[in-house]
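Participant: mmCIF, C-alpha atoms and all ligand atoms, file start_8.cif:
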data_run
#
loop_
_atom_site.group_PDB
_atom_site.id
_atom_site.type_symbol
_atom_site.label_atom_id
_atom_site.label_comp_id
_atom_site.auth_asym_id
_atom_site.auth_seq_id
_atom_site.Cartn_x
_atom_site.Cartn_y
_atom_site.Cartn_z
ATOM 1 C CA MET D 1 -0.781 0.859 -23.893
ATOM 2 C CA GLU D 2 2.606 2.436 -24.620
ATOM 3 C CA LYS D 3 2.908 3.432 -28.272
ATOM 4 C CA GLY D 4 4.738 0.764 -30.252
ATOM 5 C CA PHE D 5 4.266 -2.021 -27.710
ATOM 6 C CA ASP D 6 3.168 -5.203 -29.487
ATOM 7 C CA PHE D 7 1.189 -7.068 -26.851
ATOM 8 C CA ASN D 8 0.696 -10.191 -28.971
ATOM 9 C CA SER D 9 4.449 -10.747 -29.153
ATOM 10 C CA PHE D 10 4.879 -10.515 -25.393
ATOM 11 C CA ARG D 11 1.769 -12.003 -23.827
ATOM 12 C CA THR D 12 2.423 -14.867 -21.458
ATOM 13 C CA THR D 13 0.909 -16.747 -18.551
ATOM 14 C CA GLY D 14 -0.192 -15.086 -15.331
ATOM 15 C CA ILE D 15 2.058 -17.341 -13.258
ATOM 16 C CA LYS D 16 5.152 -16.155 -15.151
ATOM 17 C CA VAL D 17 4.250 -12.529 -14.468
ATOM 18 C CA ASN D 18 3.862 -13.465 -10.803
ATOM 19 C CA TYR D 19 7.213 -15.301 -10.711
ATOM 20 C CA LEU D 20 9.025 -12.342 -12.270
ATOM 21 C CA TYR D 21 8.311 -10.435 -9.078
ATOM 22 C CA VAL D 22 9.074 -13.410 -6.814
ATOM 23 C CA CYS D 23 12.444 -14.368 -8.322
ATOM 24 C CA GLU D 24 13.820 -14.117 -11.873
ATOM 25 C CA ARG D 25 15.685 -17.383 -11.418
ATOM 26 C CA LYS D 26 12.505 -19.172 -10.365
ATOM 27 C CA LEU D 27 10.821 -17.826 -13.482
ATOM 28 C CA TRP D 28 13.597 -19.256 -15.648
ATOM 29 C CA PHE D 29 13.428 -22.727 -14.003
ATOM 30 C CA PHE D 30 9.660 -22.783 -14.302
ATOM 31 C CA ASP D 31 9.820 -21.850 -17.982
ATOM 32 C CA ARG D 32 12.240 -24.737 -18.612
ATOM 33 C CA GLY D 33 9.514 -27.142 -17.503
ATOM 34 C CA ILE D 34 10.710 -27.760 -13.965
ATOM 35 C CA GLN D 35 7.311 -27.381 -12.342
ATOM 36 C CA MET D 36 7.747 -28.802 -8.858
ATOM 37 C CA GLU D 37 5.605 -26.008 -7.406
ATOM 38 C CA SER D 38 2.366 -27.669 -8.514
ATOM 39 C CA THR D 39 2.771 -30.368 -5.878
ATOM 40 C CA SER D 40 3.807 -28.075 -3.061
ATOM 41 C CA ASP D 41 1.740 -27.735 0.079
ATOM 42 C CA LYS D 42 1.339 -24.007 -0.507
ATOM 43 C CA VAL D 43 -0.340 -24.412 -3.882
ATOM 44 C CA LEU D 44 -2.499 -27.235 -2.557
ATOM 45 C CA MET D 45 -3.504 -25.096 0.405
ATOM 46 C CA GLY D 46 -4.379 -22.230 -1.965
ATOM 47 C CA LYS D 47 -6.641 -24.540 -3.965
ATOM 48 C CA ILE D 48 -8.377 -25.814 -0.841
ATOM 49 C CA LEU D 49 -8.859 -22.274 0.478
ATOM 50 C CA ASN D 50 -10.262 -21.198 -2.851
ATOM 51 C CA GLU D 51 -12.820 -24.014 -2.824
ATOM 52 C CA TYR D 52 -13.657 -23.483 0.829
ATOM 53 C CA SER D 53 -14.027 -19.695 0.661
ATOM 54 C CA TYR D 54 -16.087 -19.588 -2.488
ATOM 55 C CA PRO D 55 -18.693 -22.347 -2.758
ATOM 56 C CA ARG D 56 -18.706 -24.063 -6.113
ATOM 57 C CA GLU D 57 -21.968 -22.516 -7.288
ATOM 58 C CA GLU D 58 -20.636 -18.967 -6.774
ATOM 59 C CA LYS D 59 -17.334 -19.567 -8.544
ATOM 60 C CA LYS D 60 -16.833 -18.567 -12.131
ATOM 61 C CA GLU D 61 -13.270 -19.480 -12.927
ATOM 62 C CA ILE D 62 -12.232 -18.690 -16.465
ATOM 63 C CA LEU D 63 -9.220 -19.606 -18.561
ATOM 64 C CA ILE D 64 -8.398 -17.244 -21.445
ATOM 65 C CA ASP D 65 -6.158 -18.278 -24.357
ATOM 66 C CA ASN D 66 -4.645 -20.976 -22.109
ATOM 67 C CA LEU D 67 -2.624 -18.147 -20.567
ATOM 68 C CA ILE D 68 -4.545 -16.462 -17.801
ATOM 69 C CA ASN D 69 -6.693 -18.321 -15.321
ATOM 70 C CA ILE D 70 -8.901 -15.940 -13.369
ATOM 71 C CA ASP D 71 -10.251 -17.372 -10.115
ATOM 72 C CA ILE D 72 -13.577 -15.548 -10.040
ATOM 73 C CA VAL D 73 -15.243 -13.210 -12.509
ATOM 74 C CA ASP D 74 -18.382 -11.256 -11.741
ATOM 75 C CA ASP D 75 -20.161 -8.364 -13.409
ATOM 76 C CA ASN D 76 -17.666 -5.631 -12.511
ATOM 77 C CA GLU D 77 -14.712 -7.309 -10.883
ATOM 78 C CA ILE D 78 -12.230 -10.107 -11.197
ATOM 79 C CA HIS D 79 -10.904 -11.820 -8.078
ATOM 80 C CA GLU D 80 -7.690 -13.637 -7.359
ATOM 81 C CA VAL D 81 -7.566 -15.784 -4.229
ATOM 82 C CA LYS D 82 -4.244 -16.090 -2.414
ATOM 83 C CA TYR D 83 -3.060 -18.064 0.577
ATOM 84 C CA SER D 84 -1.151 -15.203 2.224
ATOM 85 C CA ASN D 85 0.054 -11.693 1.415
ATOM 86 C CA ARG D 86 3.725 -12.585 1.909
ATOM 87 C CA LEU D 87 4.307 -11.949 -1.812
ATOM 88 C CA ALA D 88 1.832 -9.090 -2.171
ATOM 89 C CA ASP D 89 3.760 -7.281 -4.943
ATOM 90 C CA ALA D 90 3.783 -10.443 -7.061
ATOM 91 C CA ASP D 91 0.063 -10.979 -6.420
ATOM 92 C CA ARG D 92 -0.633 -7.391 -7.432
ATOM 93 C CA ILE D 93 1.317 -7.442 -10.723
ATOM 94 C CA GLN D 94 -0.406 -10.724 -11.645
ATOM 95 C CA LEU D 95 -3.837 -9.198 -11.159
ATOM 96 C CA LEU D 96 -2.792 -6.000 -12.950
ATOM 97 C CA TYR D 97 -1.702 -8.214 -15.850
ATOM 98 C CA TYR D 98 -5.124 -9.883 -15.928
ATOM 99 C CA LEU D 99 -6.809 -6.462 -15.978
ATOM 100 C CA TYR D 100 -4.429 -5.347 -18.747
ATOM 101 C CA TYR D 101 -5.059 -8.535 -20.736
ATOM 102 C CA LEU D 102 -8.825 -8.100 -20.487
ATOM 103 C CA LYS D 103 -8.486 -4.465 -21.539
ATOM 104 C CA GLN D 104 -6.735 -5.592 -24.751
ATOM 105 C CA MET D 105 -9.868 -7.672 -25.387
ATOM 106 C CA GLY D 106 -12.071 -4.604 -24.881
ATOM 107 C CA ILE D 107 -13.185 -5.628 -21.378
ATOM 108 C CA GLU D 108 -12.608 -3.123 -18.564
ATOM 109 C CA LYS D 109 -12.921 -4.338 -14.986
ATOM 110 C CA THR D 110 -11.451 -3.688 -11.576
ATOM 111 C CA GLY D 111 -9.737 -6.334 -9.480
ATOM 112 C CA VAL D 112 -9.715 -7.673 -5.938
ATOM 113 C CA ILE D 113 -7.096 -9.870 -4.312
ATOM 114 C CA ASN D 114 -8.732 -11.988 -1.626
ATOM 115 C CA TYR D 115 -6.733 -13.368 1.277
ATOM 116 C CA PRO D 116 -9.471 -15.440 2.946
ATOM 117 C CA LYS D 117 -7.207 -16.977 5.569
ATOM 118 C CA MET D 118 -6.331 -13.469 6.772
ATOM 119 C CA LYS D 119 -9.851 -12.152 6.167
ATOM 120 C CA LYS D 120 -8.323 -9.378 4.059
ATOM 121 C CA LYS D 121 -8.777 -8.091 0.551
ATOM 122 C CA GLU D 122 -7.006 -5.555 -1.643
ATOM 123 C CA GLU D 123 -8.680 -3.627 -4.427
ATOM 124 C CA VAL D 124 -6.649 -3.191 -7.616
ATOM 125 C CA ILE D 125 -7.312 -0.627 -10.347
ATOM 126 C CA LEU D 126 -5.328 -0.534 -13.585
ATOM 127 C CA THR D 127 -3.922 2.992 -14.033
ATOM 128 C CA ALA D 128 -1.887 4.303 -16.978
ATOM 129 C CA ASP D 129 1.274 3.914 -14.850
ATOM 130 C CA ASP D 130 0.299 0.340 -14.052
ATOM 131 C CA GLU D 131 -0.117 -0.383 -17.756
ATOM 132 C CA LYS D 132 3.487 0.725 -18.304
ATOM 133 C CA LYS D 133 4.545 -1.425 -15.363
ATOM 134 C CA VAL D 134 2.840 -4.470 -16.911
ATOM 135 C CA GLU D 135 4.494 -3.797 -20.271
ATOM 136 C CA SER D 136 7.931 -3.474 -18.617
ATOM 137 C CA ALA D 137 7.293 -6.772 -16.823
ATOM 138 C CA LEU D 138 6.415 -8.518 -20.098
ATOM 139 C CA ILE D 139 9.553 -7.160 -21.787
ATOM 140 C CA ARG D 140 11.705 -8.251 -18.842
ATOM 141 C CA ILE D 141 10.187 -11.768 -18.863
ATOM 142 C CA ASN D 142 11.034 -12.044 -22.549
ATOM 143 C CA GLU D 143 14.650 -11.002 -21.881
ATOM 144 C CA ILE D 144 15.083 -13.508 -19.038
ATOM 145 C CA LEU D 145 13.587 -16.450 -20.897
ATOM 146 C CA LYS D 146 15.827 -15.876 -23.908
ATOM 147 C CA LYS D 147 18.923 -16.525 -21.766
ATOM 148 C CA ASP D 148 20.653 -19.914 -22.023
ATOM 149 C CA VAL D 149 21.528 -19.973 -18.342
ATOM 150 C CA PRO D 150 19.449 -19.047 -15.286
ATOM 151 C CA PRO D 151 19.777 -15.552 -13.810
ATOM 152 C CA GLN D 152 22.422 -15.146 -11.116
ATOM 153 C CA LEU D 153 21.725 -16.565 -7.713
ATOM 154 C CA GLN D 154 20.459 -14.015 -5.210
ATOM 155 C CA LYS D 155 19.366 -14.959 -1.728
ATOM 156 C CA LYS D 156 15.696 -14.210 -1.034
ATOM 157 C CA PRO D 157 14.016 -14.331 2.361
ATOM 158 C CA TYR D 158 11.757 -17.137 1.131
ATOM 159 C CA CYS D 159 14.410 -19.341 -0.579
ATOM 160 C CA SER D 160 14.073 -22.061 2.052
ATOM 161 C CA LYS D 161 10.375 -22.418 1.196
ATOM 162 C CA CYS D 162 10.907 -22.328 -2.581
ATOM 163 C CA ALA D 163 10.307 -25.468 -4.643
ATOM 164 C CA TYR D 164 13.639 -24.855 -6.407
ATOM 165 C CA PHE D 165 15.712 -24.618 -3.232
ATOM 166 C CA GLU D 166 17.673 -27.759 -4.098
ATOM 167 C CA PHE D 167 18.594 -26.324 -7.511
ATOM 168 C CA CYS D 168 20.031 -23.191 -5.962
ATOM 169 C CA TRP D 169 21.507 -23.988 -2.596
ATOM 170 C CA SER D 170 22.747 -27.591 -2.472
HETATM 171 S S1 LIG D 201 15.564 -20.893 -4.070
HETATM 172 FE FE1 LIG D 201 15.629 -18.642 -3.973
HETATM 173 S S2 LIG D 201 17.033 -18.024 -5.621
HETATM 174 FE FE2 LIG D 201 16.413 -20.146 -6.019
HETATM 175 S S3 LIG D 201 14.665 -20.010 -7.408
HETATM 176 FE FE3 LIG D 201 13.865 -20.114 -5.322
HETATM 177 S S4 LIG D 201 13.603 -17.990 -4.650
HETATM 178 FE FE4 LIG D 201 14.938 -17.980 -6.455
#
Translate this file's structure into C-alpha cells.

Facilitator:
Amino acid sequence: MEKGFDFNSFRTTGIKVNYLYVCERKLWFFDRGIQMESTSDKVLMGKILNEYSYPREEKKEILIDNLINIDIVDDNEIHEVKYSNRLADADRIQLLYYLYYLKQMGIEKTGVINYPKMKKKEEVILTADDEKKVESALIRINEILKKDVPPQLQKKPYCSKCAYFEFCWS
C-alpha cells in the first residue's frame, strides 16, 4: 500500500472498479442507481455459465462487506468467471482489487480469471505496481462519483451493446 493511502475511505464495490475501466460515464450512471445491466442478456449468460462450469457443490462464492463478491475461493486462489475476454483489462483490475482487498484483511492469495466459454484462463498476481494501480483506480472512482454531472461522452467500441446506450446516444 502506498504510504498515506487510507483504504477505508476509498473502498468500493468490485463492479465499480470494473466499470471504471469499461467507461467512466457508465460508472457514474451505475452509481446513481440506474442499474439496467442486471437484466441484460450478457449478465444472465455470465450467471448461467458460472453455474454450468462450476457445479454447485464445488462453488464457494463469498461476499465480503457487501462490497466484493468473489465467484470461487479455494485454498490458494480466488477465481472470477467471465463470459468473454472482450473487456480483459476491466476483468483484470477487478480481480486485482479483490486480491488487494483480501490483502488488507491479512489474506494473501493469487487470482485466476476463467473464461469457460473460450476454454481460457488468465492467472493474476498482485505486484507492488498493481497495488498502486488499484489505489489510483479507487482515487479516480471517488473523483468521478463526486461530480454532479456524468463524465463527457466518448464513443467506445462497445457502446451499442451497453445498457446505457439510450442515455448516451438517443
Ligand atoms: S453507451 Fe458508451 S459512452 Fe455511454 S455509458 Fe455505455 S459505454 Fe459509456

Participant: Pick from D:Arg25, D:Lys16, D:Glu80, D:Asn142: nearest to Cys168 (chain D), with only C-alpha atoms counted?

Facilitator: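 When distances to Cys168 (chain D) are compared using only C-alpha atoms, the smallest one comes from D:Arg25.
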
Participant: Using all atoms listed in the file, find the one residue out of D:Val17, D:Ile93, D:Leu27, D:Ile64 that sits nearest to ligand LIG 201 (chain D).

Facilitator: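 Nearest to ligand LIG 201 (chain D): D:Leu27.
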
Participant: Could you list, with a cut-off of 10 Å and counting all atoms listed in the file, the residues of chain D near ligand LIG 201 (chain D), each shown with its nearest atom pair and the distance in Å rounded to one decimal, rows sorted by chain and ascending number, as a Markdown table?

Facilitator:
| residue | atom | partner | partner_atom | distance |
| --- | --- | --- | --- | --- |
| D:Tyr19 | CA | D:LIG201 | S4 | 9.2 |
| D:Val22 | CA | D:LIG201 | S4 | 6.8 |
| D:Cys23 | CA | D:LIG201 | FE4 | 4.8 |
| D:Glu24 | CA | D:LIG201 | FE4 | 6.7 |
| D:Arg25 | CA | D:LIG201 | S3 | 4.9 |
| D:Lys26 | CA | D:LIG201 | S3 | 3.8 |
| D:Leu27 | CA | D:LIG201 | S3 | 7.5 |
| D:Trp28 | CA | D:LIG201 | S3 | 8.3 |
| D:Phe29 | CA | D:LIG201 | S3 | 7.2 |
| D:Phe30 | CA | D:LIG201 | S3 | 9.0 |
| D:Pro150 | CA | D:LIG201 | S3 | 9.3 |
| D:Pro151 | CA | D:LIG201 | S2 | 9.0 |
| D:Gln152 | CA | D:LIG201 | S2 | 8.2 |
| D:Leu153 | CA | D:LIG201 | S2 | 5.3 |
| D:Gln154 | CA | D:LIG201 | S2 | 5.3 |
| D:Lys155 | CA | D:LIG201 | S2 | 5.5 |
| D:Lys156 | CA | D:LIG201 | FE1 | 5.3 |
| D:Pro157 | CA | D:LIG201 | FE1 | 7.8 |
| D:Tyr158 | CA | D:LIG201 | S4 | 6.1 |
| D:Cys159 | CA | D:LIG201 | FE1 | 3.7 |
| D:Ser160 | CA | D:LIG201 | S1 | 6.4 |
| D:Lys161 | CA | D:LIG201 | S1 | 7.5 |
| D:Cys162 | CA | D:LIG201 | FE3 | 4.6 |
| D:Ala163 | CA | D:LIG201 | FE3 | 6.5 |
| D:Tyr164 | CA | D:LIG201 | FE3 | 4.9 |
| D:Phe165 | CA | D:LIG201 | S1 | 3.8 |
| D:Glu166 | CA | D:LIG201 | S1 | 7.2 |
| D:Phe167 | CA | D:LIG201 | FE2 | 6.7 |
| D:Cys168 | CA | D:LIG201 | FE2 | 4.7 |
| D:Trp169 | CA | D:LIG201 | S1 | 6.9 |
| D:Ser170 | CA | D:LIG201 | S1 | 10.0 |

Participant: Please measure the separation of CA of Lys60 (chain D) and CA of Leu126 (chain D), giving the value in Å to one decimal.

Facilitator: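 Going from CA of Lys60 (chain D) over to CA of Leu126 (chain D), I get 21.4 Å.
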
Participant: For Glu108 (chain D), list every protein, DNA or RNA residue within 12 Å, evaluated using only C-alpha atoms, and leave out those in the same chain fewer than 2 positions away; present the list as a PyMOL selection string.

Facilitator: chain D and resi 75-78+96+98-106+110-111+125-127

Participant: Which residues, named as in the file, does the PyMOL selection byres (((chain D and resi 61) around 8) and not hetatm) pick out? Answer as a ChimeraX atom specification.

Facilitator: /D:59-60,62-63,69-73

Participant: Any idea what the distance is between CA of Tyr97 (chain D) and CA of Lys121 (chain D)?

Facilitator: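 Here the two named atoms are 17.9 Å from each other.
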
Participant: To one decimal in Å, tell me the separation between CA of Gly14 (chain D) and CA of Val134 (chain D).

Facilitator: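 Separation between CA of Gly14 (chain D) and CA of Val134 (chain D): 11.2 Å.
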
Participant: Go through D:Lys147, D:Arg86, D:Arg32, D:His79 and flag the residue nearest Ile113 (chain D), using all atoms listed in the file for the distances.

Facilitator: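 That would be D:His79, the residue with the smallest distance to Ile113 (chain D).
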
Participant: Complete region 98-134 of chain D at the level of N, CA and C atoms, written as a tab-separated table (two decimals), keeping the file's coordinate frame.

Facilitator:
chain	number	residue	atom	x	y	z
D	98	TYR	N	-3.81	-9.38	-15.51
D	98	TYR	CA	-5.12	-9.88	-15.93
D	98	TYR	C	-6.01	-8.72	-16.40
D	99	LEU	N	-5.98	-7.63	-15.61
D	99	LEU	CA	-6.81	-6.46	-15.98
D	99	LEU	C	-6.34	-5.89	-17.32
D	100	TYR	N	-5.02	-5.85	-17.50
D	100	TYR	CA	-4.43	-5.35	-18.75
D	100	TYR	C	-4.84	-6.25	-19.92
D	101	TYR	N	-4.74	-7.56	-19.69
D	101	TYR	CA	-5.06	-8.54	-20.74
D	101	TYR	C	-6.52	-8.38	-21.17
D	102	LEU	N	-7.40	-8.26	-20.17
D	102	LEU	CA	-8.82	-8.10	-20.49
D	102	LEU	C	-9.06	-6.80	-21.25
D	103	LYS	N	-8.32	-5.76	-20.86
D	103	LYS	CA	-8.49	-4.46	-21.54
D	103	LYS	C	-8.13	-4.58	-23.02
D	104	GLN	N	-7.10	-5.39	-23.34
D	104	GLN	CA	-6.74	-5.59	-24.75
D	104	GLN	C	-7.88	-6.27	-25.51
D	105	MET	N	-8.72	-6.99	-24.76
D	105	MET	CA	-9.87	-7.67	-25.39
D	105	MET	C	-11.12	-6.77	-25.38
D	106	GLY	N	-10.94	-5.53	-24.91
D	106	GLY	CA	-12.07	-4.60	-24.88
D	106	GLY	C	-12.94	-4.74	-23.64
D	107	ILE	N	-12.41	-5.42	-22.61
D	107	ILE	CA	-13.18	-5.63	-21.38
D	107	ILE	C	-12.50	-4.86	-20.25
D	108	GLU	N	-13.20	-3.91	-19.65
D	108	GLU	CA	-12.61	-3.12	-18.56
D	108	GLU	C	-13.25	-3.50	-17.24
D	109	LYS	N	-12.43	-3.94	-16.31
D	109	LYS	CA	-12.92	-4.34	-14.99
D	109	LYS	C	-11.96	-3.84	-13.92
D	110	THR	N	-12.38	-3.92	-12.67
D	110	THR	CA	-11.45	-3.69	-11.58
D	110	THR	C	-11.15	-5.05	-10.94
D	111	GLY	N	-10.16	-5.06	-10.05
D	111	GLY	CA	-9.74	-6.33	-9.48
D	111	GLY	C	-9.73	-6.32	-7.96
D	112	VAL	N	-9.82	-7.51	-7.39
D	112	VAL	CA	-9.72	-7.67	-5.94
D	112	VAL	C	-8.84	-8.89	-5.67
D	113	ILE	N	-7.86	-8.71	-4.78
D	113	ILE	CA	-7.10	-9.87	-4.31
D	113	ILE	C	-7.68	-10.27	-2.96
D	114	ASN	N	-8.14	-11.50	-2.87
D	114	ASN	CA	-8.73	-11.99	-1.63
D	114	ASN	C	-7.73	-12.86	-0.88
D	115	TYR	N	-7.56	-12.54	0.40
D	115	TYR	CA	-6.73	-13.37	1.28
D	115	TYR	C	-7.66	-13.94	2.35
D	116	PRO	N	-8.43	-14.97	2.03
D	116	PRO	CA	-9.47	-15.44	2.95
D	116	PRO	C	-8.94	-15.90	4.30
D	117	LYS	N	-7.75	-16.49	4.30
D	117	LYS	CA	-7.21	-16.98	5.57
D	117	LYS	C	-6.97	-15.81	6.53
D	118	MET	N	-6.62	-14.64	5.95
D	118	MET	CA	-6.33	-13.47	6.77
D	118	MET	C	-7.55	-12.56	6.88
D	119	LYS	N	-8.63	-12.96	6.24
D	119	LYS	CA	-9.85	-12.15	6.17
D	119	LYS	C	-9.54	-10.73	5.67
D	120	LYS	N	-8.71	-10.67	4.63
D	120	LYS	CA	-8.32	-9.38	4.06
D	120	LYS	C	-8.58	-9.38	2.57
D	121	LYS	N	-8.73	-8.19	2.00
D	121	LYS	CA	-8.78	-8.09	0.55
D	121	LYS	C	-8.15	-6.78	0.11
D	122	GLU	N	-7.62	-6.77	-1.12
D	122	GLU	CA	-7.01	-5.56	-1.64
D	122	GLU	C	-7.62	-5.24	-3.00
D	123	GLU	N	-8.09	-4.02	-3.14
D	123	GLU	CA	-8.68	-3.63	-4.43
D	123	GLU	C	-7.56	-3.18	-5.37
D	124	VAL	N	-7.69	-3.51	-6.63
D	124	VAL	CA	-6.65	-3.19	-7.62
D	124	VAL	C	-7.30	-2.54	-8.84
D	125	ILE	N	-6.80	-1.35	-9.17
D	125	ILE	CA	-7.31	-0.63	-10.35
D	125	ILE	C	-6.15	-0.43	-11.31
D	126	LEU	N	-6.39	-0.67	-12.57
D	126	LEU	CA	-5.33	-0.53	-13.58
D	126	LEU	C	-5.22	0.92	-14.03
D	127	THR	N	-4.15	1.61	-13.61
D	127	THR	CA	-3.92	2.99	-14.03
D	127	THR	C	-2.99	3.00	-15.25
D	128	ALA	N	-2.80	4.19	-15.84
D	128	ALA	CA	-1.89	4.30	-16.98
D	128	ALA	C	-0.47	3.90	-16.56
D	129	ASP	N	-0.06	4.30	-15.35
D	129	ASP	CA	1.27	3.91	-14.85
D	129	ASP	C	1.38	2.40	-14.70
D	130	ASP	N	0.29	1.80	-14.21
D	130	ASP	CA	0.30	0.34	-14.05
D	130	ASP	C	0.41	-0.35	-15.41
D	131	GLU	N	-0.21	0.22	-16.41
D	131	GLU	CA	-0.12	-0.38	-17.76
D	131	GLU	C	1.34	-0.41	-18.21
D	132	LYS	N	2.05	0.68	-17.93
D	132	LYS	CA	3.49	0.72	-18.30
D	132	LYS	C	4.27	-0.31	-17.49
D	133	LYS	N	3.88	-0.45	-16.22
D	133	LYS	CA	4.54	-1.42	-15.36
D	133	LYS	C	4.34	-2.85	-15.90
D	134	VAL	N	3.14	-3.15	-16.34
D	134	VAL	CA	2.84	-4.47	-16.91
D	134	VAL	C	3.67	-4.68	-18.18
